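*Asks:* Sharing target18.txt below, compact mmCIF, C-alpha atoms and all ligand atoms:
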# COMPACT_ATOMS: atom_id res chain seq x y z
CA MET F 218 -19.98 23.80 -7.65
CA ILE F 219 -18.84 20.18 -7.30
CA GLN F 220 -15.31 18.96 -6.58
CA LYS F 221 -14.84 15.88 -8.74
CA GLY F 222 -13.06 13.18 -6.77
CA LEU F 223 -13.41 15.44 -3.68
CA LYS F 224 -10.17 17.11 -4.79
CA ASP F 225 -8.92 19.55 -2.09
CA VAL F 226 -12.01 18.90 0.05
CA VAL F 227 -11.10 18.50 3.73
CA ALA F 228 -13.31 15.71 5.09
CA VAL F 229 -11.75 14.78 8.44
CA GLU F 230 -9.42 15.98 11.19
CA THR F 231 -6.74 13.43 12.08
CA LYS F 232 -3.86 13.03 14.52
CA ILE F 233 -2.43 10.03 12.68
CA ALA F 234 -0.43 11.51 9.80
CA SER F 235 0.15 14.71 7.86
CA VAL F 236 1.02 14.93 4.19
CA ASP F 237 2.41 18.24 2.93
CA GLY F 238 2.19 18.10 -0.85
CA GLU F 239 4.05 21.35 -1.46
CA LYS F 240 7.05 20.60 0.79
CA GLY F 241 7.00 16.89 -0.08
CA GLU F 242 6.80 15.95 3.58
CA LEU F 243 5.12 13.00 5.31
CA ARG F 244 4.87 12.78 9.10
CA TYR F 245 3.50 9.96 11.26
CA ARG F 246 2.00 11.45 14.43
CA GLY F 247 4.11 14.56 13.97
CA ARG F 248 7.43 12.82 13.23
CA LYS F 249 9.04 12.99 9.79
CA VAL F 250 9.11 9.57 8.14
CA ASP F 251 12.71 9.93 7.02
CA GLU F 252 13.73 10.23 10.70
CA ILE F 253 11.74 7.30 12.07
CA VAL F 254 11.45 4.73 9.31
CA GLY F 255 15.02 3.47 9.55
CA GLU F 256 15.10 3.36 13.34
CA ALA F 257 11.90 1.36 14.03
CA THR F 258 10.64 -2.13 13.24
CA PHE F 259 7.28 -2.66 11.55
CA GLU F 260 5.85 -3.75 14.91
CA GLU F 261 7.10 -0.58 16.67
CA LEU F 262 5.92 1.77 13.94
CA ALA F 263 2.49 0.12 13.75
CA THR F 264 2.04 0.68 17.49
CA PHE F 265 3.20 4.28 17.11
CA ILE F 266 0.64 4.87 14.34
CA TRP F 267 -2.18 3.17 16.26
CA ASN F 268 -1.66 4.93 19.59
CA GLY F 269 1.38 7.23 19.48
CA LYS F 270 3.34 4.99 21.87
CA LYS F 271 6.88 3.87 21.20
CA GLU F 272 6.48 0.22 22.06
CA SER F 273 6.31 -3.00 20.13
CA VAL F 274 3.16 -5.02 19.63
CA ASP F 275 3.19 -8.82 19.74
CA PHE F 276 2.00 -10.23 16.41
CA LYS F 277 3.53 -13.66 16.90
CA SER F 278 0.87 -15.00 19.27
CA VAL F 279 -2.03 -14.03 16.98
CA ARG F 280 -0.70 -15.12 13.59
CA LYS F 281 -2.63 -18.37 13.43
CA LEU F 282 -5.67 -18.10 11.15
CA PRO F 283 -9.02 -19.29 12.48
CA GLU F 284 -9.76 -22.70 10.94
CA HIS F 285 -12.82 -21.50 9.06
CA VAL F 286 -10.76 -18.71 7.43
CA GLU F 287 -8.21 -21.30 6.29
CA ARG F 288 -11.09 -23.33 4.81
CA VAL F 289 -12.47 -20.25 3.01
CA ILE F 290 -9.07 -19.63 1.37
CA ASP F 291 -8.61 -23.29 0.51
CA THR F 292 -11.98 -23.56 -1.24
CA LEU F 293 -11.36 -20.51 -3.48
CA PRO F 294 -10.31 -21.34 -7.05
CA GLY F 295 -6.61 -20.71 -7.69
CA GLU F 296 -7.35 -18.28 -10.51
CA ILE F 297 -8.90 -15.78 -8.07
CA SER F 298 -6.38 -12.97 -7.65
CA ILE F 299 -4.56 -12.66 -4.34
CA MET F 300 -6.27 -9.30 -3.64
CA ASP F 301 -9.72 -10.81 -4.22
CA ALA F 302 -8.89 -13.87 -2.11
CA THR F 303 -7.50 -11.66 0.68
CA ARG F 304 -10.62 -9.48 0.67
CA THR F 305 -12.83 -12.59 0.87
CA ALA F 306 -10.79 -14.14 3.67
CA VAL F 307 -10.76 -10.93 5.74
CA SER F 308 -14.52 -10.77 5.35
CA ALA F 309 -14.76 -14.21 6.97
CA PHE F 310 -13.24 -12.78 10.19
CA ALA F 311 -16.60 -11.16 10.92
CA HIS F 312 -17.74 -13.81 13.37
CA LEU F 313 -19.22 -12.78 16.67
CA SER F 314 -16.35 -13.63 19.00
CA PHE F 315 -13.92 -11.62 16.84
CA LYS F 316 -16.22 -8.61 16.67
CA GLU F 317 -16.54 -8.65 20.47
CA LEU F 318 -12.79 -8.08 20.92
CA PRO F 319 -11.67 -4.50 21.71
CA LEU F 320 -11.09 -2.59 18.45
CA TYR F 321 -7.35 -2.31 19.01
CA GLU F 322 -7.03 -6.07 19.44
CA GLN F 323 -9.00 -6.59 16.23
CA ALA F 324 -6.61 -4.22 14.43
CA VAL F 325 -3.57 -6.13 15.75
CA ASN F 326 -5.12 -9.47 14.76
CA LEU F 327 -6.02 -8.39 11.23
CA THR F 328 -2.59 -6.81 10.68
CA ALA F 329 -0.77 -9.90 12.01
CA THR F 330 -2.79 -12.28 9.85
CA LEU F 331 -3.03 -10.42 6.53
CA PRO F 332 0.41 -11.72 5.37
CA VAL F 333 -0.61 -15.24 6.47
CA ILE F 334 -3.70 -15.04 4.23
CA ILE F 335 -1.70 -13.63 1.31
CA ALA F 336 1.01 -16.29 1.58
CA ARG F 337 -1.52 -19.13 1.90
CA HIS F 338 -3.40 -18.20 -1.28
CA TYR F 339 -0.18 -17.41 -3.18
CA ARG F 340 1.39 -20.79 -2.38
CA LYS F 341 -1.84 -22.58 -3.24
CA GLN F 342 -1.85 -20.80 -6.63
CA GLN F 343 1.73 -21.95 -7.19
CA GLY F 344 0.88 -25.55 -6.23
CA LEU F 345 3.32 -25.31 -3.30
CA PRO F 346 2.83 -26.67 0.25
CA ILE F 347 1.53 -24.16 2.81
CA ILE F 348 4.18 -22.83 5.21
CA GLN F 349 3.10 -22.17 8.78
CA PRO F 350 4.23 -18.96 10.55
CA ASP F 351 7.59 -19.19 12.36
CA SER F 352 7.36 -17.76 15.87
CA THR F 353 11.10 -17.01 15.95
CA LEU F 354 10.77 -14.50 13.09
CA ASN F 355 9.55 -10.93 13.22
CA HIS F 356 6.58 -9.75 11.13
CA THR F 357 8.54 -8.89 7.96
CA ALA F 358 10.89 -11.87 8.00
CA ASN F 359 7.98 -14.22 8.71
CA TYR F 360 6.09 -12.88 5.67
CA LEU F 361 9.05 -13.68 3.38
CA TRP F 362 9.44 -17.07 5.04
CA MET F 363 5.77 -17.99 4.47
CA LEU F 364 5.95 -16.86 0.82
CA ASN F 365 9.23 -18.55 -0.11
CA GLY F 366 9.76 -21.34 2.40
CA GLU F 367 13.32 -20.08 2.91
CA LYS F 368 14.77 -17.96 5.70
CA PRO F 369 15.28 -14.49 4.19
CA SER F 370 18.61 -12.65 4.33
CA ASP F 371 18.99 -9.57 6.55
CA ALA F 372 19.23 -7.39 3.40
CA GLN F 373 15.92 -8.76 2.07
CA VAL F 374 14.19 -8.13 5.40
CA GLU F 375 15.65 -4.61 5.61
CA ALA F 376 14.53 -3.75 2.06
CA LEU F 377 10.99 -5.02 2.58
CA GLU F 378 10.65 -3.51 6.06
CA THR F 379 11.68 -0.09 4.70
CA TYR F 380 8.95 -0.37 2.07
CA LEU F 381 6.33 -1.56 4.58
CA ASN F 382 7.26 1.16 7.08
CA LEU F 383 7.06 3.87 4.42
CA THR F 384 3.66 2.81 3.13
CA MET F 385 1.75 1.85 6.28
CA GLU F 386 0.00 5.21 6.51
CA HIS F 387 -0.66 8.12 4.18
CA GLY F 388 -3.57 10.29 5.32
CA LEU F 389 -6.91 10.23 3.57
CA ASN F 390 -6.00 8.25 0.44
CA ALA F 391 -8.78 6.40 -1.42
CA SER F 392 -8.62 3.10 0.50
CA THR F 393 -8.33 4.79 3.91
CA PHE F 394 -11.28 6.99 3.02
CA ALA F 395 -13.24 3.86 2.05
CA ALA F 396 -12.43 2.36 5.47
CA ARG F 397 -13.59 5.53 7.25
CA VAL F 398 -16.81 5.75 5.19
CA THR F 399 -17.67 2.12 5.98
CA ILE F 400 -17.03 2.36 9.71
CA SER F 401 -18.87 5.70 9.87
CA THR F 402 -22.12 3.75 9.46
CA GLU F 403 -21.17 1.99 12.74
CA SER F 404 -20.46 -1.12 10.75
CA ASP F 405 -17.38 -3.03 12.01
CA LEU F 406 -13.61 -3.09 11.56
CA THR F 407 -13.65 -6.22 9.41
CA ALA F 408 -16.07 -4.53 7.01
CA ALA F 409 -13.91 -1.37 6.95
CA VAL F 410 -10.79 -3.38 6.03
CA THR F 411 -12.78 -5.34 3.42
CA SER F 412 -13.89 -2.05 1.79
CA ALA F 413 -10.34 -0.75 1.90
CA LEU F 414 -8.98 -3.88 0.21
CA GLY F 415 -11.57 -3.56 -2.55
CA THR F 416 -10.51 0.06 -3.09
CA MET F 417 -6.79 -0.63 -2.91
CA LYS F 418 -6.61 -3.01 -5.85
CA GLY F 419 -7.41 -0.47 -8.58
CA PRO F 420 -4.54 0.55 -10.91
CA LEU F 421 -4.89 4.23 -9.98
CA HIS F 422 -4.12 3.38 -6.34
CA GLY F 423 -2.43 0.22 -5.04
CA GLY F 424 -2.36 -1.57 -8.37
CA ALA F 425 0.26 0.76 -9.87
CA PRO F 426 3.61 -0.99 -9.10
CA SER F 427 3.00 -3.97 -11.36
CA GLY F 428 2.15 -1.37 -14.03
CA VAL F 429 5.58 0.18 -13.37
CA ILE F 430 7.29 -3.15 -14.04
CA ASP F 431 5.31 -3.48 -17.31
CA LEU F 432 6.33 0.06 -18.27
CA LEU F 433 10.02 -0.50 -17.58
CA GLU F 434 10.01 -3.82 -19.39
CA GLU F 435 8.47 -2.11 -22.42
CA ILE F 436 11.11 0.63 -22.25
CA ARG F 437 13.85 -2.00 -22.05
CA GLU F 438 12.41 -3.91 -25.04
CA VAL F 439 11.82 -0.85 -27.24
CA GLY F 440 15.04 0.82 -26.07
CA ASP F 441 13.54 4.29 -26.43
CA VAL F 442 11.88 6.03 -23.47
CA LYS F 443 10.55 8.88 -25.60
CA ALA F 444 8.82 6.57 -28.10
CA VAL F 445 7.14 4.49 -25.37
CA ILE F 446 5.96 7.47 -23.31
CA GLU F 447 4.73 9.54 -26.26
CA LYS F 448 2.77 6.55 -27.62
CA LYS F 449 1.10 6.00 -24.24
CA LEU F 450 0.28 9.66 -23.80
CA SER F 451 -1.11 9.94 -27.35
CA GLU F 452 -3.41 7.00 -26.54
CA GLY F 453 -4.59 8.80 -23.40
CA GLU F 454 -2.81 6.38 -21.04
CA ARG F 455 -1.42 7.34 -17.63
CA ILE F 456 2.24 6.71 -16.93
CA MET F 457 2.30 4.35 -13.95
CA GLY F 458 4.35 5.45 -10.95
CA PHE F 459 4.03 9.16 -11.80
CA GLY F 460 1.71 11.84 -10.47
CA HIS F 461 0.03 12.13 -7.11
CA ARG F 462 -3.15 13.74 -5.87
CA VAL F 463 -1.36 15.51 -3.02
CA TYR F 464 2.38 15.73 -3.81
CA LYS F 465 3.28 18.48 -6.23
CA THR F 466 6.93 17.67 -5.76
CA GLU F 467 8.76 14.35 -5.56
CA ASP F 468 7.08 11.88 -3.22
CA PRO F 469 9.36 11.72 -0.11
CA ARG F 470 8.79 7.97 0.10
CA SER F 471 10.07 7.57 -3.44
CA ILE F 472 13.30 9.43 -2.51
CA LEU F 473 13.85 7.19 0.52
CA LEU F 474 13.15 4.00 -1.42
CA ARG F 475 15.55 5.04 -4.19
CA GLU F 476 18.27 5.68 -1.59
CA LYS F 477 17.57 2.33 0.04
CA CYS F 478 17.72 0.49 -3.29
CA LEU F 479 21.06 2.08 -4.09
CA ARG F 480 22.51 1.43 -0.65
CA LEU F 481 21.43 -2.20 -0.44
CA HIS F 482 22.13 -3.29 -3.96
CA GLY F 483 24.68 -0.89 -5.34
CA LYS F 484 24.62 -0.76 -9.10
CA ASP F 485 21.84 -2.83 -10.54
CA GLU F 486 21.03 -2.93 -14.27
CA TRP F 487 17.31 -2.63 -13.69
CA LEU F 488 17.71 0.18 -11.18
CA ASP F 489 19.92 2.04 -13.64
CA LEU F 490 17.14 1.75 -16.20
CA ALA F 491 14.62 3.08 -13.66
CA THR F 492 16.72 6.10 -12.66
CA GLN F 493 17.53 6.95 -16.30
CA ALA F 494 13.92 6.52 -17.40
CA GLU F 495 12.67 8.54 -14.42
CA LYS F 496 14.56 11.68 -15.49
CA GLU F 497 13.46 11.40 -19.10
CA ILE F 498 9.82 10.67 -18.22
CA ILE F 499 9.66 13.70 -15.91
CA GLU F 500 10.96 15.88 -18.75
CA LEU F 501 8.47 14.39 -21.23
CA LEU F 502 5.55 14.81 -18.81
CA ALA F 503 6.57 18.45 -18.29
CA ILE F 504 6.35 18.97 -22.07
CA HIS F 505 3.13 17.02 -22.67
CA LYS F 506 1.34 17.97 -19.45
CA PRO F 507 2.58 21.52 -18.86
CA GLY F 508 1.95 22.97 -15.39
CA ARG F 509 0.89 19.58 -13.93
CA LYS F 510 4.01 18.97 -11.76
CA LEU F 511 4.20 15.21 -12.31
CA TYR F 512 7.01 13.39 -10.47
CA THR F 513 7.55 9.82 -9.32
CA ASN F 514 5.21 8.55 -6.63
CA VAL F 515 5.99 5.80 -4.09
CA GLU F 516 5.03 3.08 -6.55
CA PHE F 517 7.89 3.74 -8.94
CA TYR F 518 10.71 2.71 -6.59
CA ALA F 519 8.45 0.29 -4.73
CA ALA F 520 8.59 -1.73 -7.93
CA ALA F 521 12.42 -1.62 -7.75
CA ILE F 522 12.46 -2.72 -4.10
CA MET F 523 10.06 -5.56 -4.83
CA ARG F 524 12.12 -6.68 -7.75
CA SER F 525 15.32 -6.56 -5.71
CA ILE F 526 13.85 -9.09 -3.24
CA ALA F 527 12.44 -11.24 -6.10
CA MET F 528 8.83 -10.53 -5.14
CA PRO F 529 6.58 -11.51 -8.08
CA PRO F 530 4.34 -8.70 -9.46
CA GLU F 531 1.10 -10.40 -8.39
CA LEU F 532 2.24 -9.89 -4.77
CA PHE F 533 2.92 -6.13 -5.09
CA THR F 534 -0.56 -4.85 -4.27
CA PRO F 535 -1.23 -7.47 -1.56
CA THR F 536 2.11 -6.53 0.07
CA PHE F 537 1.21 -2.84 -0.07
CA SER F 538 -2.08 -3.79 1.64
CA ALA F 539 -0.20 -5.74 4.34
CA ALA F 540 1.44 -2.40 5.22
CA ARG F 541 -1.47 -0.01 4.70
CA ILE F 542 -3.80 -2.07 6.93
CA VAL F 543 -2.11 -0.26 9.83
CA GLY F 544 -3.37 3.09 8.50
CA TRP F 545 -6.81 1.72 7.61
CA THR F 546 -7.41 0.35 11.10
CA ALA F 547 -5.92 3.43 12.83
CA HIS F 548 -8.23 5.70 10.82
CA ALA F 549 -11.28 3.51 11.36
CA ILE F 550 -10.72 3.58 15.14
CA GLU F 551 -10.14 7.36 15.04
CA GLN F 552 -13.34 7.80 13.00
CA LEU F 553 -15.38 5.96 15.63
CA SER F 554 -13.93 8.10 18.43
CA ASP F 555 -15.82 11.15 17.09
CA ASN F 556 -18.12 9.79 14.45
CA THR F 557 -20.44 11.45 11.94
CA ILE F 558 -21.73 9.31 9.11
CA PHE F 559 -20.35 10.32 5.70
CA ARG F 560 -23.21 11.41 3.48
CA PRO F 561 -22.26 14.00 0.85
CA GLN F 562 -24.72 15.46 -1.63
CA SER F 563 -25.12 14.85 -5.34
CA ILE F 564 -26.70 17.05 -8.00
CA TYR F 565 -29.23 15.39 -10.29
CA VAL F 566 -28.38 16.26 -13.92
CA GLY F 567 -30.69 13.79 -15.70
CA ASN F 568 -34.00 14.54 -17.34
CA MET F 569 -37.14 15.26 -15.33
CA LEU F 570 -39.82 12.94 -16.80
N1 LIG F 601 0.54 10.09 -16.58
C1 LIG F 601 0.07 10.98 -17.47
N2 LIG F 601 -0.68 12.04 -17.14
C2 LIG F 601 -0.97 12.19 -15.85
C3 LIG F 601 -0.51 11.30 -14.87
C4 LIG F 601 0.28 10.23 -15.28
N3 LIG F 601 0.76 9.34 -14.40
N4 LIG F 601 -0.97 11.70 -13.66
C5 LIG F 601 -1.70 12.80 -13.89
N5 LIG F 601 -1.69 13.09 -15.20
C6 LIG F 601 -2.32 14.22 -15.86
C7 LIG F 601 -3.79 13.98 -16.13
O1 LIG F 601 -4.01 13.42 -17.38
C8 LIG F 601 -4.34 15.36 -16.02
O2 LIG F 601 -4.13 16.04 -17.19
P1 LIG F 601 -5.37 16.72 -17.95
O3 LIG F 601 -5.94 17.71 -16.99
O4 LIG F 601 -4.74 17.29 -19.17
O5 LIG F 601 -6.31 15.59 -18.23
C9 LIG F 601 -3.48 16.01 -14.96
O6 LIG F 601 -2.24 15.32 -14.98
C10 LIG F 601 -4.07 15.95 -13.59
O7 LIG F 601 -4.49 14.64 -13.38
P2 LIG F 601 -5.56 14.24 -12.33
O8 LIG F 601 -6.18 12.94 -12.71
O9 LIG F 601 -6.48 15.40 -12.06
O10 LIG F 601 -4.68 14.04 -11.08
P3 LIG F 601 -5.17 13.31 -9.85
O11 LIG F 601 -4.66 14.04 -8.69
O12 LIG F 601 -6.62 13.07 -9.86
O13 LIG F 601 -4.49 11.88 -10.05
C11 LIG F 601 -3.26 9.93 -9.80
C12 LIG F 601 -3.59 11.32 -9.21
C13 LIG F 601 -4.53 9.08 -9.88
C14 LIG F 601 -2.27 9.23 -8.88
C15 LIG F 601 -2.64 10.12 -11.21
O14 LIG F 601 -1.49 10.91 -11.13
C16 LIG F 601 -2.35 8.79 -11.92
O15 LIG F 601 -3.25 8.21 -12.53
N6 LIG F 601 -1.06 8.27 -11.82
C17 LIG F 601 -0.73 7.01 -12.44
C18 LIG F 601 -1.14 5.85 -11.56
C19 LIG F 601 -0.29 5.74 -10.31
O16 LIG F 601 0.94 5.83 -10.37
N7 LIG F 601 -0.96 5.52 -9.17
C20 LIG F 601 -0.30 5.38 -7.87
C21 LIG F 601 -0.56 6.60 -7.05
S1 LIG F 601 0.27 6.52 -5.49
C22 LIG F 601 -0.72 5.56 -4.54
O17 LIG F 601 -1.89 5.39 -4.75
C23 LIG F 601 -0.09 4.91 -3.40
Is it possible to give me this structure as structure tokens?
*Replies:*
Amino acid sequence: MIQKGLKDVVAVETKIASVDGEKGELRYRGRKVDEIVGEATFEELATFIWNGKKESVDFKSVRKLPEHVERVIDTLPGEISIMDATRTAVSAFAHLSFKELPLYEQAVNLTATLPVIIARHYRKQQGLPIIQPDSTLNHTANYLWMLNGEKPSDAQVEALETYLNLTMEHGLNASTFAARVTISTESDLTAAVTSALGTMKGPLHGGAPSGVIDLLEEIREVGDVKAVIEKKLSEGERIMGFGHRVYKTEDPRSILLREKCLRLHGKDEWLDLATQAEKEIIELLAIHKPGRKLYTNVEFYAAAIMRSIAMPPELFTPTFSAARIVGWTAHAIEQLSDNTIFRPQSIYVGNML
């Protein structure tokens, strides 16, 4: 008996996070996300996820990219997507002196520099001058500064930090699993993050929020949720931002992001459309996919948050990666602390010649 997609298969023990799909509950190191996300900065929460300590890590001193990594980014053609450019640039970190650093320091370095890589390639694509990191700004504010070349408002930083804090870790999702599989061969942390980035970009995982924007724009244009959704379902398409492998109730991150959107921006035309469409889509999915329990996942309101801070869709998945790198590196380090190489079995179903 095989479990396609390893559905319900338990592959690791972890102390990093727990995801209860029935209760709709996510905990980082035992603490409910709804209790800690609002009270900690990205830097504090990253440290908590890496080692369970409530302290803040210093990203500012390690934000500068090595020169050869800058050159790698600058030689890539502009049409290469930001995810592909980021994966290539991270791969170039695999030089000897970096790999000799303690694993935790490597994790801090890669997390601090991922937004720098993303912003560099994005601004190059836009034909804009590169902005250097600002050592007076925290991790989240500095990311917005490097993307836009303007000091962000407190509301923008708060909105983005809530999103980053809610998405930095989520158990054994596809990209985290990819990171663990790679490091389980006793490869290195750079390779694990490179694998994770390659896995993250697919539309069934980290690529969903730009699909949500497309969906909502189509609904706005057509003016009829039912017509849009039924057409997609009849063509065998998935509805982006709905359904989750683990949650059989509403994704707790989606609830928190919706609350944050409403609190920060009050009534917003686009948000109204999202909340209206959400209810109708859930009802339609219940009719067309009976017994499947399909609700919004984190990507649905992530799209709203991103839109509210004027983040362009091509930056959605890279920004998600800039958060999830905390989980990838935490899991890779945990994997190495009690490692067994991943090597499942397959059943040959072809002809015997
Ligand atoms: N739209 C329509 N039908 C869906 C959706 C959806 N969004 N999600 C699941 N279903 C249906 C499937 O067609 C399937 O029905 P069937 O058995 O009649 O074919 C049933 O629900 C179960 O689907 P599975 O693929 O078995 O569910 P799985 O747990 O493997 O998939 C996934 C989870 C990939 C997230 C899926 O719900 C999906 O494709 N969602 C849309 C993409 C998306 O929003 N991805 C972001 C996920 S969150 C994240 O990665 C951070």
*Asks:* What are the closest atom pairs, with distances in Å to one decimal, for all residues of chain F lying within 6 Å of ligand LIG 601 (chain F)? Consider only C-alpha atoms and all ligand atoms, order rows by chain and residue number, and present the result as a Markdown table.
*Replies:*
| residue | atom | partner | partner_atom | distance |
| --- | --- | --- | --- | --- |
| F:Leu421 | CA | F:LIG601 | N7 | 4.2 |
| F:His422 | CA | F:LIG601 | O17 | 3.4 |
| F:Gly423 | CA | F:LIG601 | O17 | 5.2 |
| F:Ala425 | CA | F:LIG601 | N7 | 5.0 |
| F:Arg455 | CA | F:LIG601 | N1 | 3.5 |
| F:Ile456 | CA | F:LIG601 | N1 | 3.8 |
| F:Met457 | CA | F:LIG601 | O16 | 4.1 |
| F:Gly458 | CA | F:LIG601 | O16 | 3.5 |
| F:Phe459 | CA | F:LIG601 | N3 | 4.2 |
| F:Gly460 | CA | F:LIG601 | O14 | 3.4 |
| F:His461 | CA | F:LIG601 | C14 | 4.1 |
| F:Arg462 | CA | F:LIG601 | O11 | 3.2 |
| F:Arg509 | CA | F:LIG601 | O6 | 5.4 |
| F:Asn514 | CA | F:LIG601 | S1 | 5.5 |
| F:Val515 | CA | F:LIG601 | S1 | 5.9 |
| F:Glu516 | CA | F:LIG601 | C20 | 6.0 |
*Asks:* How about saving the chosen residues, C-alpha atoms kept, as a PDB file, in the frame of the given file?
*Replies:*
ATOM      1  CA  LEU F 421      -4.890   4.230  -9.980  1.00  0.00           C
ATOM      2  CA  HIS F 422      -4.120   3.380  -6.340  1.00  0.00           C
ATOM      3  CA  GLY F 423      -2.430   0.220  -5.040  1.00  0.00           C
ATOM      4  CA  ALA F 425       0.260   0.760  -9.870  1.00  0.00           C
ATOM      5  CA  ARG F 455      -1.420   7.340 -17.630  1.00  0.00           C
ATOM      6  CA  ILE F 456       2.240   6.710 -16.930  1.00  0.00           C
ATOM      7  CA  MET F 457       2.300   4.350 -13.950  1.00  0.00           C
ATOM      8  CA  GLY F 458       4.350   5.450 -10.950  1.00  0.00           C
ATOM      9  CA  PHE F 459       4.030   9.160 -11.800  1.00  0.00           C
ATOM     10  CA  GLY F 460       1.710  11.840 -10.470  1.00  0.00           C
ATOM     11  CA  HIS F 461       0.030  12.130  -7.110  1.00  0.00           C
ATOM     12  CA  ARG F 462      -3.150  13.740  -5.870  1.00  0.00           C
ATOM     13  CA  ARG F 509       0.890  19.580 -13.930  1.00  0.00           C
ATOM     14  CA  ASN F 514       5.210   8.550  -6.630  1.00  0.00           C
ATOM     15  CA  VAL F 515       5.990   5.800  -4.090  1.00  0.00           C
ATOM     16  CA  GLU F 516       5.030   3.080  -6.550  1.00  0.00           C
TER      17      GLU F 516
END
*Asks:* Which residue out of F:Gly238, F:Arg304, F:Ile446, F:Glu454 has the minimum interatomic distance to Ile499 (chain F) when only C-alpha atoms are used?
*Replies:*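 The shortest atom-to-atom distance to Ile499 (chain F) comes from F:Ile446.
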*Asks:* So which residues touch Ile299 (chain F) within 7 Å, counting all atoms listed in the file, skipping near sequence neighbours fewer than 6 positions away, as a list of chain:residue names?
*Replies:* F:Ile335, F:His338, F:Tyr339, F:Pro535
*Asks:* Separation of CA of Gln552 (chain F) and CA of Asp405 (chain F), in Å?
*Replies:*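 These atoms are spaced 11.6 Å apart.
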*Asks:* If you measure from CA of Arg244 (chain F) to CA of Tyr464 (chain F), what distance in Å do you get, rounded to one decimal?
*Replies:*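 Going from CA of Arg244 (chain F) over to CA of Tyr464 (chain F) covers 13.5 Å.
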*Asks:* Could the residues of region 430-540 of chain F that have an atom at most 10 Å from region 362-377 of chain F be listed as a Markdown table, each with its closest atom pair and the distance in Å to one decimal, counting only C-alpha atoms and ordered by chain and ascending residue number?
*Replies:*
| residue | atom | partner | partner_atom | distance |
| --- | --- | --- | --- | --- |
| F:Leu474 | CA | F:Ala376 | CA | 8.6 |
| F:Lys477 | CA | F:Ala376 | CA | 7.1 |
| F:Cys478 | CA | F:Ala376 | CA | 7.5 |
| F:Arg480 | CA | F:Ala376 | CA | 9.9 |
| F:Leu481 | CA | F:Ala372 | CA | 6.8 |
| F:His482 | CA | F:Ala372 | CA | 8.9 |
| F:Ala519 | CA | F:Leu377 | CA | 9.4 |
| F:Ile522 | CA | F:Ala376 | CA | 6.6 |
| F:Met523 | CA | F:Leu377 | CA | 7.5 |
| F:Ser525 | CA | F:Gln373 | CA | 8.1 |
| F:Ile526 | CA | F:Gln373 | CA | 5.7 |
| F:Ala527 | CA | F:Gln373 | CA | 9.2 |
| F:Met528 | CA | F:Leu364 | CA | 9.2 |
| F:Leu532 | CA | F:Leu364 | CA | 9.7 |
| F:Thr536 | CA | F:Leu377 | CA | 9.4 |
*Asks:* Could you please give me, as a list in words, the residues of protein, DNA or RNA lying at most 9 Å from (3.0, -10.6, 6.2) in the coordinate frame of the file, considering all atoms listed in the file?
*Replies:* Thr328, Ala329, Thr330, Leu331, Pro332, Val333, Ile334, Ile335, Ala336, His356, Thr357, Ala358, Asn359, Tyr360, Leu361, Met363, Leu364, Thr536, Ala539 and Ala540 of chain F
*Asks:* Determine the nearest neighbour of Ile253 (chain F) from the options F:Ala396, F:Ile266, F:Met218, F:Ala547, counting only C-alpha atoms.
*Replies:*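 Among the listed residues, the smallest separation from Ile253 (chain F) belongs to F:Ile266.
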*Asks:* Interatomic distance between CA of Lys221 (chain F) and CA of Glu500 (chain F)?
*Replies:*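 It comes out at 27.7 Å.
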*Asks:* For each of F:Val463, F:Val410, F:Leu488, F:Leu502, take the minimum atom-to-atom distance to Val236 (chain F), counting all atoms listed in the file, then give the residue where this is smallest.
*Replies:*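 Going through F:Val463, F:Val410, F:Leu488, F:Leu502 one by one, the smallest distance to Val236 (chain F) is for F:Val463.
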*Asks:* Quick one: what's the axis-aligned box for region 542-545 of chain F, all listed atoms, 5 Å on every side, centre and edges in Å to one decimal, as AutoDock Vina command-line options?
*Replies:*
--center_x -4.5 --center_y 0.5 --center_z 8.4 --size_x 14.7 --size_y 15.2 --size_z 12.9
*Asks:* Could you tell me which of F:Trp487, F:Tyr512, F:Tyr380, F:Phe533 comes closest to Ser427 (chain F) if we count only C-alpha atoms?
*Replies:*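 Result for the nearest residue to Ser427 (chain F): F:Phe533.
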*Asks:* For each of F:Val398, F:Leu406, F:Ala494, F:Leu473, take the minimum atom-to-atom distance to Gly255 (chain F), counting all atoms listed in the file, then give the residue where this is smallest.
*Replies:*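 With all atoms listed in the file as the atom set, the closest residue is F:Leu473.
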*Asks:* Using all atoms listed in the file, which of the listed residues (F:Lys465, F:Lys277, F:Arg397, F:Lys443) sits closest to Asp237 (chain F)?
*Replies:*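 Ranked by minimum distance to Asp237 (chain F), first place goes to F:Lys465.
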*Asks:* Contacts of Asp251 (chain F) at 10 Å or less, counting all atoms listed in the file, minus same-chain residues fewer than 4 places along, as a ChimeraX atom specification?
*Replies:* /F:242-244,255-256,383,469-470,472-473
*Asks:* Counting only C-alpha atoms, what is within 12 Å of Ile550 (chain F), bar same-chain residues fewer than 6 positions away, as a PyMOL selection string?
*Replies:* chain F and resi 231-233+266-268+319-324+393+396-401+403-407+409-410+543-544+556
*Asks:* Need to verify the contact set: Val289 (chain F), 8 Å, all atoms listed in the file, exclusion of same-chain residues closer than 2 positions in sequence. Can you return it as a PDB file with C-alpha atoms, in the frame of the given file?
*Replies:*
ATOM      1  CA  HIS F 285     -12.820 -21.500   9.060  1.00  0.00           C
ATOM      2  CA  VAL F 286     -10.760 -18.710   7.430  1.00  0.00           C
ATOM      3  CA  GLU F 287      -8.210 -21.300   6.290  1.00  0.00           C
ATOM      4  CA  ASP F 291      -8.610 -23.290   0.510  1.00  0.00           C
ATOM      5  CA  THR F 292     -11.980 -23.560  -1.240  1.00  0.00           C
ATOM      6  CA  LEU F 293     -11.360 -20.510  -3.480  1.00  0.00           C
ATOM      7  CA  THR F 305     -12.830 -12.590   0.870  1.00  0.00           C
ATOM      8  CA  ALA F 306     -10.790 -14.140   3.670  1.00  0.00           C
ATOM      9  CA  ALA F 309     -14.760 -14.210   6.970  1.00  0.00           C
TER      10      ALA F 309
END
